[in-house]
$ cat protein-v4.cif   # mmCIF, C-alpha atoms
data_run
#
loop_
_atom_site.label_atom_id
_atom_site.label_comp_id
_atom_site.auth_asym_id
_atom_site.auth_seq_id
_atom_site.Cartn_x
_atom_site.Cartn_y
_atom_site.Cartn_z
CA MET A 194 0.00 0.00 0.00
CA LYS A 195 1.09 3.59 -0.64
CA VAL A 196 1.17 6.21 2.09
CA THR A 197 2.25 9.85 1.79
CA VAL A 198 4.02 11.63 4.63
CA ARG A 199 4.23 15.42 4.87
CA TYR A 200 6.74 17.30 6.97
CA PHE A 201 6.69 20.89 8.18
CA GLY A 202 9.00 23.33 9.89
CA ARG A 203 12.03 21.82 11.60
CA LEU A 204 11.15 18.33 10.35
CA ARG A 205 11.04 19.48 6.74
CA GLU A 206 14.51 20.92 7.27
CA LEU A 207 15.82 17.85 9.06
CA LEU A 208 14.69 15.43 6.38
CA ALA A 209 15.27 17.88 3.51
CA THR A 210 11.87 17.14 2.05
CA LYS A 211 8.27 18.43 2.34
CA LYS A 212 6.61 15.25 1.26
CA GLU A 213 7.44 11.68 0.35
CA GLU A 214 5.72 8.42 -0.49
CA TYR A 215 6.23 5.10 1.15
CA GLU A 216 5.33 1.68 -0.19
CA LEU A 217 4.40 -0.28 2.95
CA PRO A 218 3.25 -3.77 3.83
CA GLU A 219 -0.37 -4.15 4.89
CA GLU A 220 -0.88 -3.93 8.66
CA THR A 221 1.87 -1.31 9.08
CA SER A 222 0.96 0.86 12.03
CA LEU A 223 1.50 4.58 12.46
CA MET A 224 3.99 3.70 15.21
CA ASP A 225 5.95 1.46 12.82
CA LEU A 226 6.09 4.30 10.31
CA LEU A 227 7.42 6.83 12.79
CA VAL A 228 9.74 4.59 14.80
CA LYS A 229 11.14 2.34 12.09
CA VAL A 230 10.24 3.16 8.51
CA ILE A 231 11.04 6.87 8.37
CA PRO A 232 14.32 6.54 10.31
CA GLU A 233 15.29 3.63 8.04
CA ARG A 234 14.94 5.77 4.94
CA HIS A 235 16.68 8.74 6.57
CA LYS A 236 19.47 6.86 8.30
CA GLU A 237 21.83 9.82 8.46
CA VAL A 238 19.42 11.77 10.68
CA SER A 239 17.51 8.87 12.24
CA GLU A 240 18.77 9.51 15.75
CA THR A 241 17.86 13.20 15.55
CA TRP A 242 14.44 12.29 14.13
CA ILE A 243 13.73 9.99 17.06
CA LYS A 244 14.95 12.47 19.66
CA THR A 245 13.05 15.30 18.01
CA ILE A 246 9.60 13.75 18.00
CA PHE A 247 9.73 11.26 20.87
CA ARG A 248 10.61 11.62 24.52
CA THR A 249 13.87 9.76 25.02
CA VAL A 250 16.28 8.92 27.78
CA LYS A 251 19.79 7.83 26.86
CA ASN A 252 18.72 7.44 23.22
CA GLU A 253 15.88 5.10 24.15
CA ILE A 254 12.29 6.09 23.39
CA LEU A 255 10.25 6.51 26.55
CA GLU A 256 7.05 4.50 26.71
CA ASN A 257 3.79 5.13 28.50
CA LYS A 258 2.19 2.60 30.85
CA ASN A 259 0.68 0.84 27.82
CA GLY A 260 4.06 0.35 26.23
CA LYS A 261 3.52 2.99 23.55
CA PRO A 262 6.14 5.59 22.64
CA ILE A 263 5.56 9.03 24.07
CA LEU A 264 5.50 11.83 21.53
CA LYS A 265 6.77 15.26 22.42
CA ASP A 266 4.49 18.18 21.47
CA TYR A 267 4.12 16.87 17.92
CA GLN A 268 0.78 16.16 16.30
CA ILE A 269 0.36 13.36 13.83
CA LEU A 270 -2.68 13.88 11.63
CA ILE A 271 -4.07 11.62 8.96
CA GLY A 272 -6.53 13.32 6.66
CA GLY A 273 -6.64 16.19 9.14
CA ARG A 274 -7.63 13.94 12.08
CA SER A 275 -5.66 12.66 15.02
CA PHE A 276 -5.19 8.90 15.51
CA SER A 277 -3.40 6.81 18.11
CA LEU A 278 -0.02 5.35 17.27
CA ASP A 279 -1.74 1.94 17.08
CA TYR A 280 -3.65 3.02 14.00
CA THR A 281 -3.17 0.65 11.06
CA LEU A 282 -2.33 2.65 7.99
CA LYS A 283 -4.46 2.31 4.87
CA ASP A 284 -3.64 2.68 1.21
CA GLY A 285 -3.82 6.36 0.27
CA ASP A 286 -3.43 7.76 3.80
CA GLU A 287 -1.70 11.14 4.02
CA VAL A 288 0.18 11.45 7.30
CA ALA A 289 1.14 14.97 8.40
CA VAL A 290 3.79 15.26 11.12
CA LEU A 291 3.28 18.65 12.72
CA PRO A 292 5.87 20.25 15.04
CA PRO A 293 4.71 22.55 17.85
CA PHE A 294 3.10 25.63 16.33
CA GLY A 295 4.73 29.06 16.26
CA GLY A 296 2.49 31.39 14.30
CA GLY A 297 1.26 34.83 15.10
CA MET B 157 -16.12 35.31 8.21
CA ARG B 158 -12.80 35.23 6.48
CA ALA B 159 -9.59 33.43 7.37
CA LYS B 160 -6.64 33.24 5.02
CA VAL B 161 -2.97 32.42 4.84
CA CYS B 162 -1.26 34.33 2.06
CA ASP B 163 2.05 35.58 0.71
CA ARG B 164 0.83 39.17 0.83
CA LEU B 165 -1.80 40.56 3.18
CA ASP B 166 -4.77 42.27 1.63
CA ASP B 167 -5.20 46.02 2.10
CA LEU B 168 -6.27 46.53 5.71
CA GLU B 169 -8.66 49.39 5.00
CA SER B 170 -10.47 47.30 2.40
CA LEU B 171 -10.73 44.39 4.82
CA ILE B 172 -12.21 46.66 7.49
CA ASP B 173 -14.62 48.21 4.98
CA ASN B 174 -15.88 44.76 4.02
CA LEU B 175 -16.28 43.86 7.68
CA ARG B 176 -18.27 47.04 8.30
CA LYS B 177 -20.81 45.94 5.69
CA ALA B 178 -21.67 42.80 7.70
CA SER B 179 -24.40 44.55 9.69
CA ASP B 180 -25.81 47.96 10.65
CA GLU B 181 -25.72 46.83 14.28
CA ILE B 182 -21.93 47.13 14.40
CA GLY B 183 -20.91 49.55 17.13
CA ALA B 184 -17.26 48.60 17.41
CA ILE B 185 -14.50 47.26 15.18
CA THR B 186 -11.40 46.15 17.08
CA VAL B 187 -8.25 45.54 15.11
CA PHE B 188 -4.94 43.77 15.75
CA ILE B 189 -1.87 44.15 13.55
CA GLY B 190 0.97 41.69 14.17
CA VAL B 191 4.30 43.29 13.33
CA ILE B 192 7.73 41.67 13.12
CA ARG B 193 9.81 42.90 16.04
CA GLY B 194 13.43 43.73 15.51
CA VAL B 195 14.60 42.23 18.79
CA SER B 196 13.87 38.82 20.26
CA LYS B 197 15.28 37.67 23.60
CA GLY B 198 17.91 40.37 23.43
CA CYS B 199 19.03 39.41 19.90
CA LYS B 200 18.73 41.50 16.80
CA VAL B 201 16.28 39.87 14.38
CA LYS B 202 17.00 39.97 10.66
CA GLN B 203 13.85 38.32 9.32
CA LEU B 204 11.26 35.66 10.00
CA GLU B 205 10.20 32.77 7.82
CA TYR B 206 6.65 31.49 8.16
CA GLU B 207 5.31 28.18 6.95
CA ALA B 208 1.70 27.00 7.17
CA HIS B 209 -0.35 23.89 6.46
CA GLU B 210 -2.21 25.28 3.47
CA THR B 211 -5.62 23.79 4.29
CA LEU B 212 -5.56 23.13 8.02
CA ALA B 213 -4.31 26.59 8.97
CA PRO B 214 -7.19 28.57 7.41
CA GLU B 215 -9.69 25.89 8.50
CA THR B 216 -8.44 26.17 12.08
CA MET B 217 -8.58 29.96 11.98
CA GLN B 218 -12.12 29.83 10.58
CA LYS B 219 -13.20 27.41 13.30
CA ILE B 220 -11.78 29.72 15.98
CA ILE B 221 -13.81 32.63 14.55
CA GLU B 222 -16.96 30.49 14.59
CA ASP B 223 -16.29 29.55 18.22
CA LEU B 224 -15.88 33.21 19.15
CA LYS B 225 -19.12 34.16 17.45
CA SER B 226 -20.90 31.62 19.63
CA LYS B 227 -19.01 32.54 22.79
CA TYR B 228 -19.12 36.34 22.61
CA GLY B 229 -21.95 37.05 20.19
CA ILE B 230 -19.68 39.06 17.92
CA ILE B 231 -21.10 39.94 14.52
CA ASP B 232 -18.18 38.97 12.31
CA ALA B 233 -14.39 38.76 12.14
CA PHE B 234 -11.49 38.28 9.76
CA LEU B 235 -7.95 37.01 10.12
CA GLU B 236 -5.12 36.99 7.59
CA HIS B 237 -1.67 35.56 8.27
CA ARG B 238 1.35 35.78 6.00
CA ALA B 239 3.50 32.86 4.94
CA GLY B 240 7.03 33.14 3.55
CA ILE B 241 9.80 35.58 4.43
CA VAL B 242 8.71 38.59 6.49
CA LYS B 243 11.16 41.37 7.34
CA VAL B 244 11.46 43.37 10.54
CA GLY B 245 8.83 46.08 10.77
CA GLU B 246 6.50 44.40 8.28
CA ASP B 247 2.97 43.30 9.11
CA VAL B 248 2.52 39.55 9.47
CA MET B 249 -1.07 39.27 10.65
CA TYR B 250 -4.31 41.23 10.54
CA ALA B 251 -7.20 40.30 12.80
CA ALA B 252 -10.38 42.28 13.36
CA VAL B 253 -13.66 41.76 15.14
CA ALA B 254 -16.96 43.54 14.51
CA SER B 255 -19.34 43.64 17.45
CA LYS B 256 -22.27 45.59 18.82
CA HIS B 257 -20.25 46.82 21.77
CA ARG B 258 -16.57 47.24 22.53
CA GLU B 259 -16.53 44.88 25.52
CA GLU B 260 -17.08 41.69 23.58
CA GLY B 261 -15.00 43.01 20.70
CA PHE B 262 -11.87 43.47 22.81
CA LYS B 263 -12.33 40.10 24.53
CA ALA B 264 -12.95 38.20 21.30
CA LEU B 265 -9.98 39.82 19.56
CA ILE B 266 -7.55 38.89 22.34
CA GLU B 267 -8.81 35.32 22.34
CA LEU B 268 -8.69 35.15 18.55
CA VAL B 269 -5.03 36.11 18.45
CA ASP B 270 -4.10 33.91 21.42
CA ARG B 271 -5.83 30.87 19.97
CA VAL B 272 -4.34 31.31 16.52
CA LYS B 273 -0.88 31.34 18.07
CA ARG B 274 -1.63 28.11 19.96
CA GLU B 275 -3.83 26.18 17.57
CA ALA B 276 -3.13 27.13 13.95
CA PRO B 277 -0.60 24.90 12.16
CA ILE B 278 1.80 27.73 11.34
CA TRP B 279 5.52 27.62 12.03
CA LYS B 280 8.00 30.45 12.43
CA LYS B 281 11.76 30.46 12.03
CA GLU B 282 13.64 33.45 13.39
CA LEU B 283 16.85 34.52 11.71
CA THR B 284 18.84 36.54 14.22
CA GLU B 285 22.37 37.86 14.42
CA LYS B 286 23.22 34.75 16.43
CA GLY B 287 21.67 32.19 14.11
CA ALA B 288 18.34 30.76 13.03
CA TYR B 289 15.92 28.77 15.12
CA TRP B 290 12.32 27.57 15.08
CA VAL B 291 10.03 29.31 17.57
CA GLU B 292 7.49 27.19 19.41
CA ASN B 293 4.43 28.64 21.13
CA ILE B 294 4.25 25.98 23.80
#
$ encode --input "protein-v4.cif" --output "structure tokens"
Amino acid sequence: MKVTVRYFGRLRELLATKKEEYELPEETSLMDLLVKVIPERHKEVSETWIKTIFRTVKNEILENKNGKPILKDYQILIGGRSFSLDYTLKDGDEVAVLPPFGGG
Amino acid sequence: MRAKVCDRLDDLESLIDNLRKASDEIGAITVFIGVIRGVSKGCKVKQLEYEAHETLAPETMQKIIEDLKSKYGIIDAFLEHRAGIVKVGEDVMYAAVASKHREEGFKALIELVDRVKREAPIWKKELTEKGAYWVENI
């Protein structure tokens, strides 16, 4: 299945792209995309990516009581709506990774 | 109602004139102009770079205006925010509220600006004499 990911602000700069497509296996979760797939494609900045969007301690992603990674103040929207990291991606999904806002 | 992200702001007088036409019950128009400051945290600012989610930003701004109409009973409002490079001293945002009385106008305008800063998917990078960094309204 094909999924599009859009980046803004500091993430756009970090990954040197506004938007990219991923060909993913079925049953790939949003968490898989953020924790594994994107860092795999952007190996040279993978550590910075992880530390930028997730809470980490000693380079390890912190998890909540349910064993899920804890995002910093980043919003992950799919089609303009927020989903949990457990969400199973679907063909055609557009994932927007939004850093903390700074307008005005 | 009108909310827009744009490379160049529309003429402010024209925007206010259009707002005035919304109703003959308007007794107050309160206006905010966001201007790029030349100093930030003691550093000289050279310019700012704004980036926005092209659909979510105006949708969010529009939703905030709708909320404020319900909350304060204001008659109408507009908000325009620039994207791209904005130099020191230039206007980056226009917001205005039309209301029957000044009390709800002032309150709605403050909340409009505060909420846009917190909720609209817009990002700002400051280029200062000491370097460039992304500003976060957390």
$ residues_around --input "protein-v4.cif" --residues "Ile241 of chain B" --least-positions-apart "6" --cutoff "7 Å" --atoms "only C-alpha atoms" --output "VMD selection string"
chain B and resid 203 to 206
$ residues_near_point --input "protein-v4.cif" --point "(1.2, 20.3, 16.9)" --cutoff "12 Å" --atoms "only C-alpha atoms" --output "VMD selection string"
(chain A and resid 200 to 202 246 264 to 270 273 to 275 289 to 296) or (chain B and resid 208 to 209 212 to 213 273 to 279 292 to 294)
$ residues_around --input "protein-v4.cif" --residues "Thr210 of chain A" --least-positions-apart "2" --cutoff "10 Å" --atoms "all atoms listed in the file" --output "list in words"
Val198, Arg199, Tyr200, Phe201, Leu204, Arg205, Glu206, Leu207, Leu208, Lys212 and Glu213 of chain A
$ atom_distance --input "protein-v4.cif" --atom1 "atom CA of Thr245 of chain A" --atom2 "atom CA of Phe276 of chain A"
19.5 Å
$ closest_residue --input "protein-v4.cif" --among "A:Ser239, A:Met224, A:Gly297, A:Ile231" --to "Pro262 of chain A" --atoms "all atoms listed in the file"
A:Met224
$ residues_around --input "protein-v4.cif" --residues "Leu265 of chain B" --least-positions-apart "5" --cutoff "12 Å" --atoms "only C-alpha atoms" --output "PyMOL selection string"
chain B and resi 184-189+220-221+224-225+228+230+232-235+250-255+258-260+270-272
$ resolve_selection --input "protein-v4.cif" --expression "the PyMOL selection byres ((chain A and resi 230) around 12)" --output "list in words"
Val196, Val198, Glu214, Tyr215, Glu216, Leu217, Pro218, Thr221, Ser222, Leu223, Met224, Asp225, Leu226, Leu227, Val228, Lys229, Ile231, Pro232, Glu233, Arg234, His235, Lys236, Ser239, Trp242 and Ile243 of chain A
$ closest_residue --input "protein-v4.cif" --among "A:Ile271, A:Asp279, A:Asn257, A:Lys244" --to "chain B" --atoms "all atoms listed in the file"
A:Ile271
$ closest_residue --input "protein-v4.cif" --among "A:Thr197, A:Gly260, A:Gly272, A:Gly285" --to "chain B" --atoms "all atoms listed in the file"
A:Gly272
$ closest_residue --input "protein-v4.cif" --among "B:Ile192, B:Lys280, B:Gly240, B:Asp166" --to "chain A" --atoms "all atoms listed in the file"
B:Lys280
$ resolve_selection --input "protein-v4.cif" --expression "the PyMOL selection byres ((chain B and resi 163) around 8)" --output "list in words"
Val161, Cys162, Arg164, Leu165, Arg238, Ala239 and Gly240 of chain B
$ write_last_selection --input "protein-v4.cif" --atoms "C-alpha atoms" --output "JSON list (two decimals), in the coordinates of the input"
[["chain", "number", "residue", "atom", "x", "y", "z"],
["B", 161, "VAL", "CA", -2.97, 32.42, 4.84],
["B", 162, "CYS", "CA", -1.26, 34.33, 2.06],
["B", 164, "ARG", "CA", 0.83, 39.17, 0.83],
["B", 165, "LEU", "CA", -1.80, 40.56, 3.18],
["B", 238, "ARG", "CA", 1.35, 35.78, 6.00],
["B", 239, "ALA", "CA", 3.50, 32.86, 4.94],
["B", 240, "GLY", "CA", 7.03, 33.14, 3.55]]
$ atom_distance --input "protein-v4.cif" --atom1 "atom CA of Glu236 of chain B" --atom2 "atom CA of Leu283 of chain B"
22.5 Å
$ residues_near_point --input "protein-v4.cif" --point "(19.0, 37.5, 17.2)" --cutoff "8 Å" --atoms "only C-alpha atoms" --output "number ranges by chain"
B: 195-202, 282-288
$ axis_aligned_box --input "protein-v4.cif" --around "segment 245-253 of chain B" --padding-each-side "8 Å" --output "JSON"
{"center_x": -2.4, "center_y": 42.7, "center_z": 11.7, "size_x": 38.5, "size_y": 22.8, "size_z": 22.9}
$ closest_residue --input "protein-v4.cif" --among "B:Asp173, B:Glu207, B:Glu222, B:Asp167" --to "Lys211 of chain A" --atoms "only C-alpha atoms"
B:Glu207
$ resolve_selection --input "protein-v4.cif" --expression "the PyMOL selection byres ((chain B and resi 183) around 6)" --output "list of chain:residue names"
B:Ile182, B:Ala184, B:Lys256, B:His257
$ closest_residue --input "protein-v4.cif" --among "A:Val288, A:Val250, A:Glu240, A:Arg203" --to "chain B" --atoms "all atoms listed in the file"
A:Arg203
$ atom_distance --input "protein-v4.cif" --atom1 "atom CA of Leu168 of chain B" --atom2 "atom CA of Ile231 of chain B"
18.5 Å
